[in-house]
Amino acid sequence: MFLPRIATMRSLKVILFVSTVLATTQSSSSSADAFAPSPSFTQSARTIRRVSTPGSAPRRGIQPVHAVTEEDVIKSVEKAEKLWAEALEARKEANALSDRAEENAEAAAEVAKKANEEMLKGPISLEKIAAADAATNCNLDAGSVLSRALGAAEEADKLEELAEKALAESEKALGQHLKDFPDSDLA
């Protein structure tokens, strides 16, 4: 648990403080000298600068430093490459489904044409109804594959958009890295 560890650290700090105060008071002749700050403490206290806290305006002269490292650039480029690879696979899947839907639609058109020719030849029979039913099922199958192809194309478009954004972010990170580290190997 995180909370007991913090409590333990605080307890150790309090014990350490009390023991140093007691050691100082025992070695010192006067109790007033025991609580007087040491010269090194007052000198270091003057050199501490106040840093702005979250939500407050930064003070003049103090700028937060967020250098973009080579590792950051490589991670952003790898993220963009991964998204482009996913977009490519989604596009390939969408194209394959589209080709399959086209083939199914052509086959359904042939079956429907034959069923229509059979219906026009003579009286309605059970075989003619079965042929019409088969043509309808082929059309439904083609429509289903076409619907899946459209969904895959939309997914590919979304992934390409994300990949474009990731590419722009990686270019921005590279530009910032070259500003932060002009002698970088990435230049």
# chains A, B, ... in the order shown; residues from 1 in each chain; ligands from 1
$ residues_around --residues "region 76-80 of chain A" --least-positions-apart "3" --cutoff "8 Å" --atoms "only C-alpha atoms" --output "PyMOL selection string"
chain A and resi 72-73+83-84+163-164+166-167+169-170+173
$ closest_residue --among "A:Ser184, A:Thr136, A:Thr69, A:Ser125" --to "Asn104 (chain A)" --atoms "only C-alpha atoms"
A:Thr136
$ atom_distance --atom1 "CA of Ser144 (chain A)" --atom2 "CA of Lys92 (chain A)"
18.1 Å
$ closest_residue --among "A:Leu150, A:Cys138, A:Ala132, A:Leu120" --to "Ser98 (chain A)" --atoms "only C-alpha atoms"
A:Leu150
$ residues_around --residues "region 151-160 of chain A" --least-positions-apart "5" --cutoff "10 Å" --atoms "only C-alpha atoms" --output "VMD selection string"
chain A and resid 80 83 to 98 145 to 146 165 to 166
$ write_last_selection --atoms "C-alpha atoms" --output "PDB file, in the first residue's frame"
ATOM      1  CA  ALA A  80       2.976   7.125 -37.082  1.00  0.00           C
ATOM      2  CA  LEU A  83      -0.849   3.745 -37.733  1.00  0.00           C
ATOM      3  CA  TRP A  84       0.084   3.876 -41.425  1.00  0.00           C
ATOM      4  CA  ALA A  85       0.582   0.096 -41.440  1.00  0.00           C
ATOM      5  CA  GLU A  86      -2.830  -0.389 -39.803  1.00  0.00           C
ATOM      6  CA  ALA A  87      -4.414   1.999 -42.303  1.00  0.00           C
ATOM      7  CA  LEU A  88      -2.815   0.116 -45.193  1.00  0.00           C
ATOM      8  CA  GLU A  89      -4.119  -3.234 -43.918  1.00  0.00           C
ATOM      9  CA  ALA A  90      -7.596  -1.760 -43.427  1.00  0.00           C
ATOM     10  CA  ARG A  91      -7.495  -0.318 -46.954  1.00  0.00           C
ATOM     11  CA  LYS A  92      -6.411  -3.699 -48.387  1.00  0.00           C
ATOM     12  CA  GLU A  93      -9.275  -5.391 -46.529  1.00  0.00           C
ATOM     13  CA  ALA A  94     -11.751  -2.786 -47.795  1.00  0.00           C
ATOM     14  CA  ASN A  95     -10.521  -3.242 -51.374  1.00  0.00           C
ATOM     15  CA  ALA A  96     -10.763  -7.037 -51.105  1.00  0.00           C
ATOM     16  CA  LEU A  97     -14.310  -6.800 -49.737  1.00  0.00           C
ATOM     17  CA  SER A  98     -15.211  -4.345 -52.486  1.00  0.00           C
ATOM     18  CA  VAL A 145     -20.501  -7.865 -48.524  1.00  0.00           C
ATOM     19  CA  LEU A 146     -20.889  -4.361 -49.956  1.00  0.00           C
ATOM     20  CA  LYS A 165      -2.084  13.490 -37.416  1.00  0.00           C
ATOM     21  CA  ALA A 166       0.615  11.223 -35.970  1.00  0.00           C
TER      22      ALA A 166
END
$ residues_around --residues "region 175-182 of chain A" --least-positions-apart "3" --cutoff "8 Å" --atoms "only C-alpha atoms" --output "PyMOL selection string"
chain A and resi 67-70+73+171-172+186-187
$ atom_distance --atom1 "CA of Ala109 (chain A)" --atom2 "CA of Arg148 (chain A)"
19.6 Å
